[in-house]
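target.txt (compact mmCIF, C-alpha atoms) appears below.
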# COMPACT_ATOMS: atom_id res chain seq x y z
CA MET A 12 90.06 26.72 23.62
CA SER A 13 90.91 24.58 20.65
CA LEU A 14 92.35 21.10 21.02
CA GLY A 15 95.51 22.20 19.23
CA ARG A 16 96.15 24.98 21.71
CA MET A 17 95.56 22.64 24.63
CA LEU A 18 98.02 20.12 23.23
CA LEU A 19 100.58 22.87 22.62
CA GLY A 20 100.15 24.07 26.20
CA LEU A 21 100.60 20.56 27.55
CA LEU A 22 103.62 20.01 25.32
CA ILE A 23 105.29 23.08 26.82
CA THR A 24 104.25 22.73 30.47
CA LEU A 25 104.54 18.96 30.98
CA PRO A 26 108.33 18.76 30.42
CA ILE A 27 108.82 21.75 32.76
CA VAL A 28 106.64 20.15 35.46
CA ALA A 29 108.46 16.82 35.00
CA LEU A 30 111.84 18.56 35.29
CA LEU A 31 110.76 20.39 38.46
CA ALA A 32 109.29 17.19 39.96
CA PHE A 33 112.59 15.39 39.25
CA GLY A 34 114.76 18.19 40.61
CA LEU A 35 112.73 19.10 43.67
CA SER A 36 112.25 15.50 44.80
CA ARG A 37 116.00 14.95 45.16
CA ASP A 38 118.17 16.00 48.08
CA PRO A 39 120.80 18.32 46.57
CA ARG A 40 123.13 17.61 49.50
CA VAL A 41 123.41 13.94 48.54
CA ILE A 42 126.00 13.72 45.83
CA PRO A 43 125.96 10.42 43.96
CA SER A 44 129.33 8.76 44.48
CA PRO A 45 130.99 6.87 41.66
CA LEU A 46 132.98 4.79 44.16
CA PRO A 47 130.58 1.95 45.10
CA GLY A 48 131.45 -1.05 42.93
CA ARG A 49 134.96 0.23 42.24
CA ASP A 50 138.34 -0.38 43.86
CA ALA A 51 138.74 1.62 47.07
CA PRO A 52 141.46 4.27 46.62
CA GLU A 53 144.69 3.11 48.24
CA PHE A 54 145.94 4.97 51.28
CA ARG A 55 149.00 4.86 53.48
CA LEU A 56 148.30 6.82 56.64
CA ALA A 57 149.91 7.21 60.04
CA VAL A 58 147.98 6.11 63.12
CA LEU A 59 147.00 8.83 65.61
CA ASP A 60 148.86 8.29 68.84
CA THR A 61 146.25 8.53 71.59
CA THR A 62 148.53 7.52 74.46
CA PRO A 63 149.74 10.38 76.67
CA PRO A 64 152.02 12.29 76.67
CA TYR A 65 150.86 13.42 73.31
CA SER A 66 153.39 14.92 70.88
CA VAL A 67 152.56 17.62 68.35
CA ARG A 68 155.80 17.01 66.48
CA ASP A 69 154.95 13.42 65.76
CA PRO A 70 151.25 12.78 66.31
CA GLY A 71 151.44 9.48 64.43
CA SER A 72 152.64 6.29 66.04
CA GLY A 73 153.79 2.89 64.85
CA GLU A 74 153.65 1.61 61.29
CA PRO A 75 151.39 3.44 58.85
CA ILE A 76 148.32 1.57 57.64
CA HIS A 77 148.24 0.50 53.98
CA LEU A 78 144.80 -0.35 52.69
CA SER A 79 146.22 -2.78 50.14
CA GLN A 80 147.72 -4.88 52.94
CA LEU A 81 144.21 -5.56 54.22
CA ARG A 82 142.99 -7.13 50.97
CA GLY A 83 141.01 -10.24 51.85
CA ASP A 84 139.44 -8.60 54.91
CA VAL A 85 136.40 -6.40 55.27
CA VAL A 86 137.35 -2.78 56.01
CA VAL A 87 135.16 0.03 57.37
CA VAL A 88 136.62 3.52 56.94
CA ASN A 89 134.90 6.33 58.83
CA PHE A 90 135.90 9.96 58.20
CA TRP A 91 135.30 12.09 61.28
CA ALA A 92 136.34 15.24 63.15
CA SER A 93 136.07 16.46 66.72
CA TRP A 94 134.11 19.53 65.55
CA CYS A 95 131.49 17.34 63.84
CA LEU A 96 128.34 16.97 65.94
CA ALA A 97 126.90 14.03 64.00
CA CYS A 98 130.14 12.13 64.63
CA ARG A 99 129.16 11.92 68.31
CA ASP A 100 125.96 10.08 67.39
CA GLU A 101 127.80 7.38 65.49
CA HIS A 102 130.69 6.95 67.92
CA GLY A 103 128.76 4.44 70.04
CA PRO A 104 127.51 2.27 67.15
CA LEU A 105 130.96 2.28 65.51
CA SER A 106 132.75 1.40 68.76
CA ARG A 107 130.33 -1.43 69.57
CA ALA A 108 130.56 -2.81 66.02
CA ALA A 109 134.38 -2.65 66.06
CA ALA A 110 134.41 -4.69 69.28
CA ARG A 111 131.78 -7.12 67.99
CA TYR A 112 133.53 -7.85 64.68
CA GLN A 113 137.07 -7.76 66.09
CA ASP A 114 137.65 -11.50 65.68
CA GLU A 115 135.92 -11.85 62.33
CA GLY A 116 138.52 -10.21 60.13
CA VAL A 117 136.82 -6.82 59.99
CA HIS A 118 139.02 -3.72 60.35
CA PHE A 119 137.51 -0.44 61.48
CA PHE A 120 139.44 2.78 60.94
CA GLY A 121 138.64 6.37 61.68
CA VAL A 122 140.26 8.98 59.41
CA LEU A 123 140.66 12.43 60.92
CA TYR A 124 139.32 15.12 58.60
CA ASN A 125 140.50 18.75 58.82
CA ASP A 126 141.14 18.61 62.53
CA THR A 127 144.08 18.84 64.89
CA PRO A 128 145.45 15.63 66.39
CA GLY A 129 145.25 17.27 69.83
CA SER A 130 141.54 18.01 69.52
CA ALA A 131 140.98 14.47 68.26
CA VAL A 132 142.78 12.93 71.25
CA ARG A 133 140.78 15.06 73.68
CA TRP A 134 137.53 14.18 71.88
CA ILE A 135 138.30 10.45 72.07
CA GLU A 136 139.03 10.81 75.78
CA ARG A 137 135.76 12.65 76.34
CA MET A 138 133.83 10.00 74.40
CA GLY A 139 135.31 7.26 76.61
CA GLY A 140 137.83 5.88 74.14
CA GLN A 141 137.75 4.46 70.64
CA PRO A 142 138.42 0.72 70.22
CA TYR A 143 139.80 1.16 66.70
CA PRO A 144 142.65 3.29 65.33
CA THR A 145 142.20 6.75 63.87
CA LEU A 146 144.44 7.61 60.93
CA LEU A 147 145.93 11.01 60.12
CA ASP A 148 145.16 12.57 56.73
CA PRO A 149 147.01 15.90 57.09
CA ARG A 150 146.18 17.57 53.76
CA SER A 151 142.92 15.67 53.21
CA GLY A 152 144.58 13.86 50.29
CA THR A 153 142.81 10.60 51.17
CA ALA A 154 139.53 12.39 51.88
CA ILE A 155 139.65 13.93 48.40
CA GLU A 156 140.54 10.55 46.81
CA TYR A 157 137.39 9.20 48.47
CA GLY A 158 135.28 12.07 47.13
CA LEU A 159 134.53 13.40 50.58
CA TYR A 160 132.49 16.57 50.95
CA GLY A 161 131.80 16.53 54.67
CA VAL A 162 131.87 14.45 57.80
CA PRO A 163 130.81 11.95 58.82
CA GLU A 164 131.09 9.70 55.80
CA THR A 165 131.70 5.96 56.02
CA PHE A 166 132.93 3.52 53.40
CA PHE A 167 132.33 -0.24 53.55
CA ILE A 168 135.04 -2.10 51.64
CA GLY A 169 134.73 -5.79 50.74
CA ARG A 170 137.33 -8.55 50.75
CA ASP A 171 137.99 -7.88 47.06
CA GLY A 172 139.04 -4.30 47.88
CA ARG A 173 135.98 -2.76 46.26
CA VAL A 174 133.79 -0.13 47.90
CA ALA A 175 130.41 -1.74 48.59
CA HIS A 176 128.69 1.26 50.12
CA LYS A 177 129.27 4.89 50.97
CA GLN A 178 127.22 6.26 53.84
CA VAL A 179 126.77 10.01 53.98
CA GLY A 180 125.86 11.11 57.50
CA PRO A 181 126.05 9.11 60.72
CA VAL A 182 125.88 5.31 60.64
CA THR A 183 123.61 3.27 62.88
CA SER A 184 124.24 -0.17 64.41
CA GLU A 185 121.69 -1.65 61.99
CA LEU A 186 123.38 -0.13 58.96
CA ILE A 187 126.84 -1.31 60.02
CA ALA A 188 125.54 -4.84 60.69
CA HIS A 189 123.66 -4.85 57.40
CA TRP A 190 126.72 -4.09 55.28
CA VAL A 191 129.40 -5.86 57.32
CA ASP A 192 127.37 -9.10 57.59
CA ARG A 193 126.73 -9.08 53.84
CA LEU A 194 130.38 -8.38 53.07
CA LEU A 195 131.53 -11.14 55.44
CA ALA A 196 129.16 -13.54 53.69
CA ASP A 197 130.37 -12.28 50.28
CA GLU A 198 126.78 -11.39 49.50
CA VAL A 199 127.42 -8.09 47.77
CA PRO A 200 127.71 -8.71 44.04
CA MET A 201 130.11 -6.42 42.20
CA GLY A 202 128.65 -2.98 41.57
CA GLU A 203 125.57 -3.56 43.69
CA GLY A 204 126.66 -1.09 46.32
CA ARG A 205 125.13 2.31 46.51
CA ALA A 206 125.82 5.66 48.02
CA SER A 207 123.16 6.87 50.34
CA GLY A 208 122.45 9.74 52.67
CA GLU A 209 119.61 7.90 54.37
CA PRO A 210 120.41 5.47 57.13
CA LEU A 211 118.69 2.11 56.78
CA GLU A 212 115.69 1.66 59.02
CA PRO A 213 115.93 -1.30 61.39
CA GLY A 214 114.97 -4.40 59.51
CA GLU A 215 115.28 -2.75 56.10
CA THR A 216 117.23 -4.55 53.44
CA SER A 217 118.33 -3.06 50.18
CA MET B 255 114.54 49.65 56.10
CA ARG B 256 117.89 48.41 57.43
CA PRO B 257 117.95 44.90 58.88
CA ARG B 258 118.25 44.74 62.63
CA PHE B 259 119.12 41.82 64.85
CA VAL B 260 116.56 41.21 67.54
CA MET B 261 117.95 39.32 70.53
CA HIS B 262 115.13 39.91 72.92
CA PRO B 263 111.78 41.65 72.55
CA GLY B 264 112.55 45.27 73.10
CA PHE B 265 116.34 44.91 72.64
CA VAL B 266 117.52 45.71 69.13
CA MET B 267 121.20 45.63 68.14
CA HIS B 268 122.59 47.96 65.57
CA PRO B 269 123.99 46.02 62.53
CA ARG B 270 127.39 47.74 62.87
CA PHE B 271 127.64 46.57 66.49
CA VAL B 272 126.78 43.02 65.37
CA SER B 273 129.49 43.07 62.65
CA VAL B 274 132.17 44.32 65.06
CA SER B 275 131.15 41.77 67.72
CA MET B 276 131.27 38.93 65.18
CA LEU B 277 134.76 39.99 64.05
CA LEU B 278 135.99 40.13 67.65
CA LEU B 279 134.45 36.71 68.34
CA LEU B 280 136.10 35.19 65.25
CA GLY B 281 139.44 36.70 66.27
CA ALA B 282 139.14 35.17 69.71
CA LEU B 283 138.31 31.66 68.48
CA PRO B 284 141.93 30.38 68.31
CA ALA B 285 142.11 31.00 72.07
CA PHE B 286 139.76 28.05 72.56
CA PRO B 287 141.79 24.92 71.80
CA ALA B 288 138.71 22.72 71.51
CA PHE B 289 137.28 24.97 68.81
CA PRO B 290 139.16 24.69 65.52
CA GLY B 291 137.58 27.86 64.14
CA PRO B 292 135.87 28.26 60.80
CA GLY B 293 136.99 25.50 58.47
CA GLY B 294 138.76 23.57 61.21
CA SER B 295 142.34 24.18 60.11
CA PRO B 296 144.69 21.28 60.82
CA LEU B 297 147.29 23.85 61.82
CA ALA B 298 145.00 25.96 63.98
CA GLY B 299 145.72 24.10 67.20
CA LEU B 300 149.51 23.96 66.82
CA SER B 301 150.11 26.82 69.20
CA GLY B 302 151.95 24.95 71.89
CA GLN B 303 148.84 24.15 73.92
CA GLU B 304 148.68 20.47 73.15
CA GLY B 305 151.05 18.89 75.62
CA VAL B 306 154.16 19.32 73.53
CA THR B 307 156.76 16.80 74.63
CA SER B 308 159.54 17.71 72.27
CA GLY B 309 159.93 21.36 73.27
CA SER B 310 159.30 22.47 69.70
CA VAL B 311 156.12 23.44 67.88
CA VAL B 312 157.61 23.04 64.40
CA PRO B 313 155.20 20.76 62.56
CA ASN B 314 156.51 17.44 61.38
CA PRO B 315 157.24 18.09 57.68
CA ALA B 316 156.21 14.55 56.75
CA VAL B 317 152.80 15.18 58.25
CA PHE B 318 152.05 18.84 57.67
CA GLN B 319 154.02 19.74 54.52
CA GLU B 320 152.00 21.99 52.25
CA SER B 321 152.18 22.09 48.49
CA GLN B 322 153.96 25.22 47.26
CA PRO B 323 152.69 27.18 44.25
CA PHE B 324 154.57 26.69 41.00
CA ASP B 325 157.35 29.16 40.20
CA ASP B 326 156.26 28.93 36.57
CA PRO B 327 153.35 31.40 36.07
CA GLY B 328 152.12 29.24 33.18
CA MET B 329 151.70 26.23 35.47
CA GLU B 330 149.94 28.36 38.09
CA ALA B 331 147.62 29.58 35.31
CA THR B 332 146.86 25.91 34.53
CA VAL B 333 146.12 25.32 38.22
CA ARG B 334 143.72 28.30 38.22
CA MET B 335 142.13 27.16 34.96
CA LEU B 336 141.44 23.72 36.45
CA ALA B 337 140.33 25.20 39.78
CA THR B 338 137.71 27.36 38.05
CA GLN B 339 136.25 24.24 36.41
CA LEU B 340 135.90 22.18 39.61
CA ARG B 341 133.04 22.60 42.04
CA CYS B 342 133.68 23.24 45.72
CA PRO B 343 132.22 20.17 47.50
CA THR B 344 131.27 22.10 50.62
CA CYS B 345 129.83 25.27 49.12
CA GLN B 346 128.56 23.63 45.88
CA ALA B 347 127.72 26.83 44.01
CA LEU B 348 131.33 28.05 43.81
CA SER B 349 134.41 26.81 42.02
CA ILE B 350 137.32 25.74 44.18
CA GLU B 351 139.17 28.77 42.78
CA ASP B 352 136.54 31.12 44.21
CA SER B 353 135.87 29.22 47.42
CA PRO B 354 137.84 30.09 50.55
CA SER B 355 136.95 26.76 52.19
CA GLU B 356 139.73 24.59 53.52
CA LEU B 357 138.74 21.61 51.37
CA SER B 358 138.86 23.76 48.22
CA GLN B 359 142.37 24.96 49.06
CA GLN B 360 143.43 21.36 49.66
CA MET B 361 141.92 20.36 46.34
CA LYS B 362 144.04 23.04 44.67
CA GLU B 363 147.06 21.48 46.34
CA VAL B 364 146.03 18.11 44.91
CA ILE B 365 145.86 19.74 41.45
CA ARG B 366 149.44 21.00 41.88
CA ASP B 367 150.61 17.60 43.14
CA ARG B 368 149.06 15.77 40.19
CA LEU B 369 150.51 18.26 37.67
CA ARG B 370 153.93 17.82 39.30
CA GLU B 371 153.54 14.07 38.88
CA GLY B 372 153.18 14.71 35.15
CA MET B 373 149.43 14.44 34.69
CA THR B 374 147.87 16.49 31.90
CA PRO B 375 145.06 18.93 32.82
CA ASP B 376 142.50 16.52 31.34
CA GLU B 377 143.91 13.68 33.42
CA VAL B 378 143.69 15.83 36.56
CA LYS B 379 140.03 16.55 35.79
CA ALA B 380 139.39 12.85 35.19
CA HIS B 381 141.07 12.13 38.52
CA PHE B 382 138.56 14.33 40.37
CA VAL B 383 135.65 12.94 38.34
CA ALA B 384 136.73 9.42 39.40
CA ALA B 385 136.40 10.44 43.06
CA TYR B 386 133.38 12.76 42.98
CA GLY B 387 131.63 11.88 39.74
CA GLU B 388 130.62 14.32 36.99
CA TRP B 389 129.05 16.44 39.72
CA ILE B 390 132.47 17.92 40.50
CA LEU B 391 132.60 19.62 37.07
CA LEU B 392 130.89 23.01 37.11
CA SER B 393 130.19 22.61 33.37
CA PRO B 394 129.10 19.08 32.47
CA THR B 395 130.90 17.46 29.54
CA PRO B 396 128.91 18.09 26.34
CA SER B 397 128.15 14.48 25.44
CA GLY B 398 125.28 12.03 25.80
CA PHE B 399 122.47 13.12 28.11
CA ASN B 400 124.47 16.20 29.16
CA LEU B 401 124.05 17.58 25.62
CA LEU B 402 120.49 18.51 26.62
CA VAL B 403 121.89 21.18 28.93
CA TYR B 404 123.58 22.85 25.98
CA LEU B 405 120.90 22.19 23.35
CA LEU B 406 117.73 22.94 25.33
CA PRO B 407 118.40 26.69 25.74
CA LEU B 408 119.14 26.94 22.01
CA ALA B 409 115.97 25.00 21.21
CA ALA B 410 114.02 27.26 23.59
CA VAL B 411 115.32 30.38 21.81
CA VAL B 412 114.50 28.95 18.34
CA VAL B 413 111.01 27.71 19.31
CA GLY B 414 110.27 30.85 21.33
CA GLY B 415 111.41 33.07 18.45
CA ALA B 416 109.28 31.12 16.00
CA LEU B 417 106.22 31.38 18.27
CA ILE B 418 106.71 35.14 18.71
CA ALA B 419 107.12 35.58 14.92
CA LEU B 420 103.93 33.58 14.30
CA ALA B 421 102.02 35.52 16.95
CA MET B 422 103.20 38.84 15.53
CA ARG B 423 102.10 37.86 12.03
CA LYS B 424 98.71 36.94 13.43
CA TRP B 425 98.39 40.23 15.29
CA MET B 426 99.41 42.20 12.19
CA ALA B 427 96.84 40.35 10.10
CA ALA B 428 94.15 40.86 12.73
CA THR B 429 94.62 44.66 12.66
CA PRO B 430 93.00 45.83 9.37
CA GLY B 431 95.00 48.44 7.49
CA SER B 432 97.61 48.63 10.18
CA GLY B 433 100.30 51.15 9.35
CA ASP B 434 98.10 53.29 7.04
CA ARG B 435 95.03 53.54 9.15
CA GLU B 436 92.46 55.90 7.76
CA VAL B 437 91.91 58.90 9.96
CA GLU B 438 88.38 59.95 10.18
CA GLN B 439 88.10 63.47 8.84
CA PRO B 440 85.90 65.80 10.83
CA THR B 441 83.00 66.91 8.76
CA PRO B 442 83.12 70.63 8.08
CA PRO B 443 80.33 72.53 9.70
CA ALA B 444 77.47 73.11 7.37
CA GLY B 445 76.78 76.51 6.33
Rewritten as structure tokens:
Amino acid sequence: MSLGRMLLGLLITLPIVALLAFGLSRDPRVIPSPLPGRDAPEFRLAVLDTTPPYSVRDPGSGEPIHLSQLRGDVVVVNFWASWCLACRDEHGPLSRAAARYQDEGVHFFGVLYNDTPGSAVRWIERMGGQPYPTLLDPRSGTAIEYGLYGVPETFFIGRDGRVAHKQVGPVTSELIAHWVDRLLADEVPMGEGRASGEPLEPGETS
Amino acid sequence: MRPRFVMHPGFVMHPRFVSVSMLLLLGALPAFPAFPGPGGSPLAGLSGQEGVTSGSVVPNPAVFQESQPFDDPGMEATVRMLATQLRCPTCQALSIEDSPSELSQQMKEVIRDRLREGMTPDEVKAHFVAAYGEWILLSPTPSGFNLLVYLLPLAAVVVGGALIALAMRKWMAATPGSGDREVEQPTPPAG
């Protein structure tokens, strides 16, 4: 085989192999989010009333939550549903973190995604309670603003109102501590955040 | 060979029986309040089983109001045009126009809402791109790196055509007297 033919063969096959290596080494389910580093979309959502007797007519209670009113505090927004199995795994870590950071100006919110308030209330009861409010997003308007494509997904929002990190899939205690501690210490430079489908391993820093 | 569903060694279910059973099972799902059914409809559980205190199951309009289609067929055509260009986030290979998923239907409602607010179709697309990134567009915008998607197939056709033309010329040249090949005449028998 002549050198010219070999080079021609390489010229044709190498880009194809490189393209396949690039495409096949990525998880197609992880969609890169443009949100980290940008202002978190504003929301104004009613709080799910979890106190019995529960009312279908008015499942929300009290004043709605405005994200913009929490500017200056760290906010963790977790989209969940009672039909989501992975949401059970992260319920414990989220509940413990919400209790741990309660006095440090960190607000945890659940946002109910494509679920009935009744199922959500029953789920919370079965899981032994939820020490942070769940918000109602009836037509998934907020979920769509946040570029949601499934549950669970969790957004870590800094004091400046920018999204620092989007977690696709369940969060762990280590991951929550990693992002919340950095946001409390104002250690996340603008635009450094990332969207990830892989939970951080214990001890891992990004 | 028709596919069969094996539940247990020796027990084979007929596909028609499986289809009918699945339909019956799906129909029965709303009877289980803890199971929201396929797609998890926010309205699926509002059947009076949730400890209604008000004596009415009419959903609170402020909470459950749905976006109505436009009366203007032109505007609905714009909604469909936009919906065919946006990718369904849950099914990924379909547009939100073609996808029956709940999220896709809600995204169509968002399209209507944004158009009602006075956004242009391009602004509505940009709105979705801001939330989901370029990924949400079924056809990437033909600029920058994305241009490769449009140019590479053309380049492949041109280069492939050129290679085939070259190869054919070579083959033609390698076959001596092709087209007017001399046929060997049988020699007449002597005598």
- Which neighbours of range 141-144 of chain A fall inside 6 Å, counting only C-alpha atoms, when residues of the same chain fewer than 6 positions from it are skipped, and could you give them as a PyMOL selection string? chain A and resi 106+119-120
Closest contacts (chain A/chain B, max 10 Å, all atoms listed in the file) as CSV:
residue,atom,partner,partner_atom,distance
A:Pro39,CA,B:Gln346,CA,9.4
A:Arg40,CA,B:Gln346,CA,8.9
A:Ile42,CA,B:Trp389,CA,7.4
A:Pro43,CA,B:Gly387,CA,7.2
A:Ser44,CA,B:Tyr386,CA,5.9
A:Pro45,CA,B:Gly387,CA,5.4
A:Leu46,CA,B:Ala385,CA,6.7
A:Arg49,CA,B:Ala384,CA,9.8
A:Ala51,CA,B:Ala385,CA,10.0
A:Pro52,CA,B:Ala385,CA,8.7
A:Leu56,CA,B:Val317,CA,9.6
A:Ala57,CA,B:Val317,CA,8.7
A:Pro63,CA,B:Gly305,CA,8.7
A:Pro64,CA,B:Gly305,CA,6.8
A:Tyr65,CA,B:Gly305,CA,5.9
A:Ser66,CA,B:Val306,CA,5.2
A:Val67,CA,B:Val306,CA,5.7
A:Arg68,CA,B:Asn314,CA,5.2
A:Asp69,CA,B:Asn314,CA,6.1
A:Pro70,CA,B:Val317,CA,8.6
A:Gly71,CA,B:Val317,CA,8.5
A:Ala92,CA,B:Gly294,CA,8.9
A:Ser93,CA,B:Ala288,CA,8.3
A:Trp94,CA,B:Phe289,CA,7.1
A:Cys95,CA,B:Gly294,CA,9.9
A:Leu123,CA,B:Pro296,CA,9.7
A:Tyr124,CA,B:Pro296,CA,8.5
A:Asn125,CA,B:Pro296,CA,5.3
A:Asp126,CA,B:Pro296,CA,4.8
A:Thr127,CA,B:Pro296,CA,4.8
A:Pro128,CA,B:Pro296,CA,8.0
A:Gly129,CA,B:Glu304,CA,5.7
A:Ser130,CA,B:Ala288,CA,5.8
A:Ala131,CA,B:Ala288,CA,9.2
A:Val132,CA,B:Glu304,CA,9.8
A:Arg133,CA,B:Ala288,CA,8.2
A:Trp134,CA,B:Ala288,CA,8.6
A:Leu147,CA,B:Val317,CA,8.3
A:Asp148,CA,B:Val317,CA,8.2
A:Pro149,CA,B:Phe318,CA,5.9
A:Arg150,CA,B:Gln360,CA,6.2
A:Ser151,CA,B:Gln360,CA,6.7
A:Gly152,CA,B:Val364,CA,7.0
A:Ala154,CA,B:Leu357,CA,9.3
A:Ile155,CA,B:Met361,CA,7.1
A:Glu156,CA,B:Ala385,CA,5.6
A:Tyr157,CA,B:Ala385,CA,5.6
A:Gly158,CA,B:Ala385,CA,4.5
A:Leu159,CA,B:Tyr386,CA,7.7
A:Tyr160,CA,B:Pro343,CA,5.0
A:Gly161,CA,B:Thr344,CA,6.9
What's around His118 in chain A at 8 Å? Count only C-alpha atoms, leave out sequence neighbours fewer than 4 positions away in its own chain, and write the answer as a tab-separated table (two decimals) with C-alpha atoms, keeping the file's coordinate frame.
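The result, written out as part_13.tsv:
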chain	number	residue	atom	x	y	z
A	84	ASP	CA	139.44	-8.60	54.91
A	85	VAL	CA	136.40	-6.40	55.27
A	86	VAL	CA	137.35	-2.78	56.01
A	87	VAL	CA	135.16	0.03	57.37
A	109	ALA	CA	134.38	-2.65	66.06
A	113	GLN	CA	137.07	-7.76	66.09
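Minimum atom-to-atom distance to Ala380 in chain B, evaluated using only C-alpha atoms, belongs to B:Leu336 out of B:Val413, B:Tyr404, B:Gln322, B:Leu336.
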- Distance query Pro375 in chain B at most 10 Å, all atoms listed in the file, self and fewer than 6 positions along chain excluded, as a PyMOL selection string: chain B and resi 332-333+335-336+365+368-369+381
For the selection you just gave me, I'd like the residues written to a file as a PDB file, in the coordinates of the input, keeping C-alpha atoms.
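Once everything was written out, this is part-v6.pdb:
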ATOM      1  CA  THR B 332     146.860  25.910  34.530  1.00  0.00           C
ATOM      2  CA  VAL B 333     146.120  25.320  38.220  1.00  0.00           C
ATOM      3  CA  MET B 335     142.130  27.160  34.960  1.00  0.00           C
ATOM      4  CA  LEU B 336     141.440  23.720  36.450  1.00  0.00           C
ATOM      5  CA  ILE B 365     145.860  19.740  41.450  1.00  0.00           C
ATOM      6  CA  ARG B 368     149.060  15.770  40.190  1.00  0.00           C
ATOM      7  CA  LEU B 369     150.510  18.260  37.670  1.00  0.00           C
ATOM      8  CA  HIS B 381     141.070  12.130  38.520  1.00  0.00           C
TER       9      HIS B 381
END
Around all the atoms of range 14-32 of chain A listed in the file, draw an axis-aligned box and extend it by 3 Å on each of the six sides; I want its centre and edge lengths in Å to one decimal, as JSON.
{"center_x": 102.1, "center_y": 20.9, "center_z": 29.6, "size_x": 25.5, "size_y": 14.2, "size_z": 26.7}
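Pairwise distance (CA of Ala409 in chain B, CA of Ala347 in chain B) equals 25.7 Å.
Note that the spacing between CA of Gln178 in chain A and CA of Ser393 in chain B amounts to 26.4 Å.
Minimum atom-to-atom distance to Leu81 in chain A, evaluated using all atoms listed in the file, belongs to A:Val117 out of A:Leu30, A:Ala110, A:Val117, A:Val41.
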- Task: Quick one: residues within 10 Å of (136.7, 25.5, 36.6) (file frame), counting all atoms listed in the file, please, as a PyMOL selection string.
- Result: chain B and resi 333-342+348-352+379+390-393
- Query: How many Å separate CA of Gly139 in chain A from CA of Val162 in chain A?
  - Reply: 20.4 Å
- What lies within 8 Å of Val122 in chain A using all atoms listed in the file, ignoring chain neighbours under 6 positions off, as a PyMOL selection string? chain A and resi 88-91+145-148
Within 12 Å of range 23-28 of chain A: each range 353-437 of chain B residue with its shortest pair, all atoms listed in the file, as JSON lines:
{"residue": "B:Leu406", "atom": "CA", "partner": "A:Pro26", "partner_atom": "CA", "distance": 11.5}
{"residue": "B:Ala410", "atom": "CA", "partner": "A:Ile23", "partner_atom": "CA", "distance": 10.2}
{"residue": "B:Val413", "atom": "CA", "partner": "A:Ile23", "partner_atom": "CA", "distance": 10.5}
{"residue": "B:Gly414", "atom": "CA", "partner": "A:Ile23", "partner_atom": "CA", "distance": 10.7}
{"residue": "B:Leu417", "atom": "CA", "partner": "A:Ile23", "partner_atom": "CA", "distance": 12.0}
Could you add whatever atoms are missing so that range 159-171 of chain A carries N, CA and C atoms, then write the result as a PDB file, in the frame of the given file?
ATOM      1  N   LEU A 159     135.216  12.944  49.374  1.00  0.00           N
ATOM      2  CA  LEU A 159     134.530  13.400  50.580  1.00  0.00           C
ATOM      3  C   LEU A 159     134.076  14.843  50.425  1.00  0.00           C
ATOM      4  N   TYR A 160     132.890  15.169  50.931  1.00  0.00           N
ATOM      5  CA  TYR A 160     132.490  16.570  50.950  1.00  0.00           C
ATOM      6  C   TYR A 160     131.978  16.990  52.324  1.00  0.00           C
ATOM      7  N   GLY A 161     132.171  16.158  53.311  1.00  0.00           N
ATOM      8  CA  GLY A 161     131.800  16.530  54.670  1.00  0.00           C
ATOM      9  C   GLY A 161     132.021  15.339  55.576  1.00  0.00           C
ATOM     10  N   VAL A 162     131.798  15.553  56.862  1.00  0.00           N
ATOM     11  CA  VAL A 162     131.870  14.450  57.800  1.00  0.00           C
ATOM     12  C   VAL A 162     130.574  14.405  58.601  1.00  0.00           C
ATOM     13  N   PRO A 163     130.145  13.242  59.042  1.00  0.00           N
ATOM     14  CA  PRO A 163     130.810  11.950  58.820  1.00  0.00           C
ATOM     15  C   PRO A 163     130.404  11.306  57.496  1.00  0.00           C
ATOM     16  N   GLU A 164     131.365  10.572  56.946  1.00  0.00           N
ATOM     17  CA  GLU A 164     131.090   9.700  55.800  1.00  0.00           C
ATOM     18  C   GLU A 164     131.803   8.375  56.065  1.00  0.00           C
ATOM     19  N   THR A 165     131.150   7.282  55.716  1.00  0.00           N
ATOM     20  CA  THR A 165     131.700   5.960  56.020  1.00  0.00           C
ATOM     21  C   THR A 165     131.683   5.087  54.781  1.00  0.00           C
ATOM     22  N   PHE A 166     132.786   4.383  54.569  1.00  0.00           N
ATOM     23  CA  PHE A 166     132.930   3.520  53.400  1.00  0.00           C
ATOM     24  C   PHE A 166     133.050   2.070  53.860  1.00  0.00           C
ATOM     25  N   PHE A 167     132.269   1.191  53.255  1.00  0.00           N
ATOM     26  CA  PHE A 167     132.330  -0.240  53.550  1.00  0.00           C
ATOM     27  C   PHE A 167     133.049  -0.915  52.385  1.00  0.00           C
ATOM     28  N   ILE A 168     134.190  -1.529  52.692  1.00  0.00           N
ATOM     29  CA  ILE A 168     135.040  -2.100  51.640  1.00  0.00           C
ATOM     30  C   ILE A 168     135.069  -3.620  51.796  1.00  0.00           C
ATOM     31  N   GLY A 169     134.819  -4.325  50.705  1.00  0.00           N
ATOM     32  CA  GLY A 169     134.730  -5.790  50.740  1.00  0.00           C
ATOM     33  C   GLY A 169     136.101  -6.455  50.677  1.00  0.00           C
ATOM     34  N   ARG A 170     136.074  -7.785  50.766  1.00  0.00           N
ATOM     35  CA  ARG A 170     137.330  -8.550  50.750  1.00  0.00           C
ATOM     36  C   ARG A 170     138.090  -8.353  49.442  1.00  0.00           C
ATOM     37  N   ASP A 171     137.350  -8.064  48.371  1.00  0.00           N
ATOM     38  CA  ASP A 171     137.990  -7.880  47.060  1.00  0.00           C
ATOM     39  C   ASP A 171     138.571  -6.473  46.909  1.00  0.00           C
TER      40      ASP A 171
END
